[in-house]
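Participant: Pasting input-v1.cif below, which is mmCIF, C-alpha atoms; chains and numbers go by the auth columns.
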```cif
data_start
#
loop_
_atom_site.group_PDB
_atom_site.id
_atom_site.type_symbol
_atom_site.label_atom_id
_atom_site.label_comp_id
_atom_site.label_asym_id
_atom_site.label_seq_id
_atom_site.Cartn_x
_atom_site.Cartn_y
_atom_site.Cartn_z
_atom_site.B_iso_or_equiv
_atom_site.auth_seq_id
_atom_site.auth_asym_id
ATOM 1 C CA MET A 1 201.294 239.509 -63.598 0.00 11 U
ATOM 2 C CA THR A 2 203.707 236.752 -64.555 0.00 12 U
ATOM 3 C CA GLU A 3 205.917 238.269 -67.181 0.00 13 U
ATOM 4 C CA ARG A 4 208.921 240.370 -66.278 0.00 14 U
ATOM 5 C CA LYS A 5 209.548 243.916 -67.374 0.00 15 U
ATOM 6 C CA PRO A 6 211.839 243.867 -70.406 0.00 16 U
ATOM 7 C CA PRO A 7 215.081 245.799 -70.052 0.00 17 U
ATOM 8 C CA GLY A 8 215.027 249.265 -71.510 0.00 18 U
ATOM 9 C CA VAL A 9 211.256 249.750 -71.102 0.00 19 U
ATOM 10 C CA SER A 10 210.172 252.232 -68.489 0.00 20 U
ATOM 11 C CA PHE A 11 208.217 250.766 -65.605 0.00 21 U
ATOM 12 C CA GLU A 12 205.288 253.132 -66.208 0.00 22 U
ATOM 13 C CA SER A 13 204.825 252.191 -69.861 0.00 23 U
ATOM 14 C CA PHE A 14 205.197 248.486 -69.023 0.00 24 U
ATOM 15 C CA VAL A 15 202.441 248.682 -66.381 0.00 25 U
ATOM 16 C CA ASP A 16 200.211 250.752 -68.664 0.00 26 U
ATOM 17 C CA LYS A 17 200.566 248.088 -71.368 0.00 27 U
ATOM 18 C CA GLN A 18 199.714 245.311 -68.886 0.00 28 U
ATOM 19 C CA ILE A 19 196.556 247.182 -67.788 0.00 29 U
ATOM 20 C CA ARG A 20 195.529 247.904 -71.369 0.00 30 U
ATOM 21 C CA ASP A 21 196.016 244.233 -72.360 0.00 31 U
ATOM 22 C CA ALA A 22 193.965 243.061 -69.352 0.00 32 U
ATOM 23 C CA GLN A 23 191.174 245.493 -70.261 0.00 33 U
ATOM 24 C CA GLU A 24 191.108 244.154 -73.801 0.00 34 U
ATOM 25 C CA ARG A 25 190.851 240.581 -72.462 0.00 35 U
ATOM 26 C CA GLY A 26 187.912 241.684 -70.283 0.00 36 U
ATOM 27 C CA GLU A 27 189.596 240.887 -66.975 0.00 37 U
ATOM 28 C CA PHE A 28 188.189 244.026 -65.345 0.00 38 U
ATOM 29 C CA ALA A 29 184.607 243.317 -66.397 0.00 39 U
ATOM 30 C CA ASN A 30 182.118 242.240 -63.722 0.00 40 U
ATOM 31 C CA LEU A 31 184.320 243.088 -60.750 0.00 41 U
ATOM 32 C CA PRO A 32 182.535 243.468 -57.394 0.00 42 U
ATOM 33 C CA GLY A 33 181.266 247.028 -57.029 0.00 43 U
ATOM 34 C CA ALA A 34 181.532 247.792 -60.750 0.00 44 U
ATOM 35 C CA GLY A 35 179.390 250.797 -61.636 0.00 45 U
ATOM 36 C CA GLU A 36 178.946 251.786 -57.989 0.00 46 U
ATOM 37 C CA PRO A 37 180.510 254.849 -56.447 0.00 47 U
ATOM 38 C CA SER A 38 183.422 254.023 -54.208 0.00 48 U
ATOM 39 C CA ALA A 39 183.411 255.276 -50.641 0.00 49 U
ATOM 40 C CA SER A 40 185.393 258.445 -50.368 0.00 50 U
ATOM 41 C CA VAL A 41 188.440 258.049 -48.169 0.00 51 U
ATOM 42 C CA THR A 42 187.895 261.510 -46.738 0.00 52 U
ATOM 43 C CA GLU A 43 184.276 260.766 -45.762 0.00 53 U
ATOM 44 C CA THR A 44 184.918 257.521 -43.894 0.00 54 U
ATOM 45 C CA VAL A 45 186.757 256.741 -40.699 0.00 55 U
ATOM 46 C CA TYR A 46 189.240 253.908 -40.931 0.00 56 U
ATOM 47 C CA ASP A 47 187.928 250.745 -39.335 0.00 57 U
ATOM 48 C CA GLU A 48 190.436 247.936 -39.019 0.00 58 U
ATOM 49 C CA LEU A 49 187.584 245.410 -38.811 0.00 59 U
ATOM 50 C CA TRP A 50 186.065 246.498 -42.133 0.00 60 U
ATOM 51 C CA TRP A 51 186.745 243.145 -43.763 0.00 61 U
ATOM 52 C CA ILE A 52 185.023 241.225 -40.961 0.00 62 U
ATOM 53 C CA LYS A 53 181.967 243.484 -41.188 0.00 63 U
ATOM 54 C CA ARG A 54 181.832 243.088 -44.965 0.00 64 U
ATOM 55 C CA LYS A 55 182.107 239.283 -44.695 0.00 65 U
ATOM 56 C CA MET A 56 179.389 239.170 -42.020 0.00 66 U
ATOM 57 C CA ALA A 57 177.086 241.287 -44.213 0.00 67 U
ATOM 58 C CA ARG A 58 177.801 239.063 -47.229 0.00 68 U
ATOM 59 C CA GLU A 59 177.144 235.903 -45.176 0.00 69 U
ATOM 60 C CA GLY A 60 174.022 237.395 -43.579 0.00 70 U
ATOM 61 C CA ILE A 61 175.443 237.084 -40.052 0.00 71 U
ATOM 62 C CA THR A 62 174.388 239.487 -37.327 0.00 72 U
ATOM 63 C CA VAL A 63 175.640 239.711 -33.801 0.00 73 U
ATOM 64 C CA LEU A 64 173.303 241.129 -31.198 0.00 74 U
ATOM 65 C CA PRO A 65 173.795 241.381 -27.461 0.00 75 U
ATOM 66 C CA PRO A 66 172.040 238.419 -25.796 0.00 76 U
ATOM 67 C CA THR A 67 169.147 240.516 -24.476 0.00 77 U
ATOM 68 C CA LEU A 68 168.416 242.037 -27.877 0.00 78 U
ATOM 69 C CA ALA A 69 168.714 238.618 -29.528 0.00 79 U
ATOM 70 C CA LEU A 70 166.130 237.265 -27.065 0.00 80 U
ATOM 71 C CA ARG A 71 163.801 240.201 -27.782 0.00 81 U
ATOM 72 C CA LYS A 72 164.047 239.375 -31.482 0.00 82 U
ATOM 73 C CA GLU A 73 163.480 235.702 -30.749 0.00 83 U
ATOM 74 C CA ALA A 74 160.394 236.637 -28.688 0.00 84 U
ATOM 75 C CA GLU A 75 158.951 238.607 -31.626 0.00 85 U
ATOM 76 C CA ASP A 76 159.641 235.729 -34.013 0.00 86 U
ATOM 77 C CA THR A 77 158.203 233.178 -31.577 0.00 87 U
ATOM 78 C CA LEU A 78 154.965 235.128 -31.150 0.00 88 U
ATOM 79 C CA ILE A 79 154.598 235.376 -34.923 0.00 89 U
ATOM 80 C CA ALA A 80 155.230 231.620 -35.198 0.00 90 U
ATOM 81 C CA ALA A 81 152.704 230.976 -32.415 0.00 91 U
ATOM 82 C CA ALA A 82 150.062 232.987 -34.262 0.00 92 U
ATOM 83 C CA ALA A 83 150.560 230.783 -37.320 0.00 93 U
ATOM 84 C CA ALA A 84 150.895 227.513 -35.383 0.00 94 U
ATOM 85 C CA PRO A 85 148.782 224.572 -36.562 0.00 95 U
ATOM 86 C CA SER A 86 147.655 223.505 -33.089 0.00 96 U
ATOM 87 C CA GLU A 87 147.173 224.729 -29.551 0.00 97 U
ATOM 88 C CA ARG A 88 149.803 222.247 -28.377 0.00 98 U
ATOM 89 C CA VAL A 89 152.409 223.875 -30.633 0.00 99 U
ATOM 90 C CA VAL A 90 151.432 227.356 -29.395 0.00 100 U
ATOM 91 C CA ARG A 91 151.852 226.247 -25.782 0.00 101 U
ATOM 92 C CA ARG A 92 155.214 224.601 -26.462 0.00 102 U
ATOM 93 C CA LEU A 93 156.571 227.671 -28.304 0.00 103 U
ATOM 94 C CA VAL A 94 155.537 230.131 -25.594 0.00 104 U
ATOM 95 C CA GLU A 95 156.623 227.877 -22.716 0.00 105 U
ATOM 96 C CA ASP A 96 160.073 227.393 -24.297 0.00 106 U
ATOM 97 C CA LEU A 97 160.355 231.153 -24.788 0.00 107 U
ATOM 98 C CA ASN A 98 159.355 231.768 -21.168 0.00 108 U
ATOM 99 C CA VAL A 99 162.128 229.449 -19.947 0.00 109 U
ATOM 100 C CA LYS A 100 164.688 231.524 -21.845 0.00 110 U
ATOM 101 C CA ILE A 101 163.215 234.800 -20.573 0.00 111 U
ATOM 102 C CA ARG A 102 163.271 233.591 -16.959 0.00 112 U
ATOM 103 C CA ASP A 103 166.867 232.398 -17.332 0.00 113 U
ATOM 104 C CA MET A 104 167.925 235.783 -18.622 0.00 114 U
ATOM 105 C CA MET A 105 165.935 237.620 -15.944 0.00 115 U
ATOM 106 C CA PHE A 106 167.730 235.757 -13.147 0.00 116 U
ATOM 107 C CA LYS A 107 171.170 235.547 -14.761 0.00 117 U
ATOM 108 C CA PRO A 108 171.427 238.781 -16.752 0.00 118 U
ATOM 109 C CA PRO A 109 174.256 238.926 -19.286 0.00 119 U
ATOM 110 C CA PRO A 110 176.122 242.135 -20.052 0.00 120 U
ATOM 111 C CA GLY A 111 174.372 244.569 -22.354 0.00 121 U
ATOM 112 C CA PRO A 112 171.111 246.472 -22.349 0.00 122 U
ATOM 113 C CA PRO A 113 168.338 245.363 -19.993 0.00 123 U
ATOM 114 C CA LEU A 114 166.015 242.670 -21.328 0.00 124 U
ATOM 115 C CA GLY A 115 162.762 244.568 -20.793 0.00 125 U
ATOM 116 C CA LEU A 116 160.672 241.400 -21.137 0.00 126 U
ATOM 117 C CA LYS A 117 158.808 239.242 -18.676 0.00 127 U
ATOM 118 C CA PRO A 118 157.367 235.791 -19.328 0.00 128 U
ATOM 119 C CA TYR A 119 154.262 235.720 -21.486 0.00 129 U
ATOM 120 C CA ASP A 120 150.903 234.495 -20.222 0.00 130 U
ATOM 121 C CA VAL A 121 150.574 231.208 -22.115 0.00 131 U
ATOM 122 C CA GLU A 122 146.805 231.132 -21.674 0.00 132 U
ATOM 123 C CA GLU A 123 146.482 234.656 -23.123 0.00 133 U
ATOM 124 C CA VAL A 124 148.580 233.743 -26.183 0.00 134 U
ATOM 125 C CA VAL A 125 146.494 230.584 -26.670 0.00 135 U
ATOM 126 C CA ARG A 126 143.258 232.608 -26.287 0.00 136 U
ATOM 127 C CA GLN A 127 144.401 235.040 -28.984 0.00 137 U
ATOM 128 C CA TRP A 128 145.440 232.139 -31.198 0.00 138 U
ATOM 129 C CA ARG A 129 141.962 230.628 -30.804 0.00 139 U
ATOM 130 C CA GLU A 130 140.338 233.969 -31.696 0.00 140 U
ATOM 131 C CA ARG A 131 142.413 234.281 -34.864 0.00 141 U
ATOM 132 C CA ARG A 132 141.601 230.691 -35.835 0.00 142 U
ATOM 133 C CA ALA A 133 137.883 231.312 -35.271 0.00 143 U
ATOM 134 C CA GLY A 134 138.019 234.507 -37.351 0.00 144 U
ATOM 135 C CA GLY A 135 137.581 236.797 -34.337 0.00 145 U
ATOM 136 C CA ARG A 136 139.555 239.908 -33.603 0.00 146 U
ATOM 137 C CA PRO A 137 142.907 239.391 -31.852 0.00 147 U
ATOM 138 C CA GLY A 138 143.696 241.301 -28.649 0.00 148 U
ATOM 139 C CA THR A 139 143.616 245.054 -29.048 0.00 149 U
ATOM 140 C CA SER A 140 147.111 245.661 -27.709 0.00 150 U
ATOM 141 C CA GLY A 141 148.834 243.743 -30.495 0.00 151 U
ATOM 142 C CA HIS A 142 150.969 242.004 -27.857 0.00 152 U
ATOM 143 C CA PRO A 143 150.011 238.857 -26.000 0.00 153 U
ATOM 144 C CA GLY A 144 149.558 239.590 -22.340 0.00 154 U
ATOM 145 C CA GLY A 145 148.078 243.020 -22.974 0.00 155 U
ATOM 146 C CA GLY A 146 151.264 245.051 -23.175 0.00 156 U
ATOM 147 C CA PRO A 147 154.637 245.470 -24.836 0.00 157 U
ATOM 148 C CA GLY A 148 156.541 243.577 -22.132 0.00 158 U
ATOM 149 C CA GLY A 149 154.622 240.354 -22.331 0.00 159 U
ATOM 150 C CA GLY A 150 152.088 238.829 -20.020 0.00 160 U
ATOM 151 C CA ALA A 151 151.933 238.117 -16.358 0.00 161 U
ATOM 152 C CA ASP A 152 153.893 235.206 -14.960 0.00 162 U
#
```
Could you write out this file's structure as structure tokens?

Facilitator:
Amino acid sequence: MTERKPPGVSFESFVDKQIRDAQERGEFANLPGAGEPSASVTETVYDELWWIKRKMAREGITVLPPTLALRKEAEDTLIAAAAAPSERVVRRLVEDLNVKIRDMMFKPPPGPPLGLKPYDVEEVVRQWRERRAGGRPGTSGHPGGGPGGGAD
């Protein structure tokens, strides 16, 4: 608002006129959250980091504890290994993942326990070969025969 309130005009009527003029110019159209219900102040707890959380959500950034991030990376790596174009790529992916798992096992960061052990590279390669040949993959759904990975 750049213009000043003229003398003799009440503040309320001056502001109302400014809002009405802006509405007529369409300055309130297409604002973020338009047409969506606003969060009720009484239903939410004040969070002084709300703006950081909103920016992170908008930017697609997530922050996980290191152990949970490695679990997610393990899932993604096993999916990538299943779709790998060659056995060499499968081996490299799983071996690189195992290095990270071993590092975290021996130097645990703060946060929840990792709950993973290194995967059996040969078992992952065997399952990859079966999928490539059109056979059935392992029955457990996880390389190494269980949810925690394979034997070392």

Participant: Go through U:Ala143, U:Leu80, U:Leu88, U:Ile29 one by one, measure the shortest atom-to-atom distance of each to U:Gly121 using only C-alpha atoms, and give the residue with the smallest value.

Facilitator: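 Looking only at the distances to U:Gly121, the closest residue turns out to be U:Leu80.
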
Participant: In Å, with one decimal, what is the gap from atom CA of U:Asp86 to atom CA of U:Glu69?

Facilitator: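 Separation of atom CA of U:Asp86 and atom CA of U:Glu69: 20.8 Å.
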
Participant: Any chance you could resolve the PyMOL selection byres ((chain U and resi 98) around 12) against this file and give the residues as a PyMOL selection string?

Facilitator: chain U and resi 91+94-97+99-105+131-132+134-135+138-139

Participant: For the selection just defined, write its residues with C-alpha atoms to a file, as a PDB file, in the coordinates of the input.

Facilitator:
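Output contents, as saved in again00.pdb:
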```pdb
ATOM      1  CA  ALA U  91     152.704 230.976 -32.415  1.00  0.00           C
ATOM      2  CA  ALA U  94     150.895 227.513 -35.383  1.00  0.00           C
ATOM      3  CA  PRO U  95     148.782 224.572 -36.562  1.00  0.00           C
ATOM      4  CA  SER U  96     147.655 223.505 -33.089  1.00  0.00           C
ATOM      5  CA  GLU U  97     147.173 224.729 -29.551  1.00  0.00           C
ATOM      6  CA  VAL U  99     152.409 223.875 -30.633  1.00  0.00           C
ATOM      7  CA  VAL U 100     151.432 227.356 -29.395  1.00  0.00           C
ATOM      8  CA  ARG U 101     151.852 226.247 -25.782  1.00  0.00           C
ATOM      9  CA  ARG U 102     155.214 224.601 -26.462  1.00  0.00           C
ATOM     10  CA  LEU U 103     156.571 227.671 -28.304  1.00  0.00           C
ATOM     11  CA  VAL U 104     155.537 230.131 -25.594  1.00  0.00           C
ATOM     12  CA  GLU U 105     156.623 227.877 -22.716  1.00  0.00           C
ATOM     13  CA  VAL U 131     150.574 231.208 -22.115  1.00  0.00           C
ATOM     14  CA  GLU U 132     146.805 231.132 -21.674  1.00  0.00           C
ATOM     15  CA  VAL U 134     148.580 233.743 -26.183  1.00  0.00           C
ATOM     16  CA  VAL U 135     146.494 230.584 -26.670  1.00  0.00           C
ATOM     17  CA  TRP U 138     145.440 232.139 -31.198  1.00  0.00           C
ATOM     18  CA  ARG U 139     141.962 230.628 -30.804  1.00  0.00           C
TER      19      ARG U 139
END
```

Participant: Could you check the closest approach to U:Ala79 for each of U:Gly18, U:Ile111, U:Arg64, U:Glu58 and tell me which residue wins, using all atoms listed in the file?

Facilitator: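 Of the candidates, the smallest distance to U:Ala79 is held by U:Ile111.
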
Participant: Restricting the calculation to all atoms listed in the file, which member of U:Pro42, U:Met115, U:Glu83, U:Arg142 is positioned closest to U:Pro128?

Facilitator: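 Nearest to U:Pro128: U:Met115.
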
Participant: Between atom CA of U:Pro122 and atom CA of U:Leu74, what is the distance, to one decimal in Å?

Facilitator: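 About the pair atom CA of U:Pro122 and atom CA of U:Leu74: they are 10.6 Å apart.
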
Participant: What is the distance, in Å and to one decimal place, between atom CA of U:Arg112 and atom CA of U:Leu126?

Facilitator: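 Between these atoms lies a distance of 9.2 Å.
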
Participant: Which of these, U:Ile89, U:Thr77, U:Asn108, U:Lys82, has the shortest distance to U:Pro120 once you count only C-alpha atoms?

Facilitator: U:Thr77
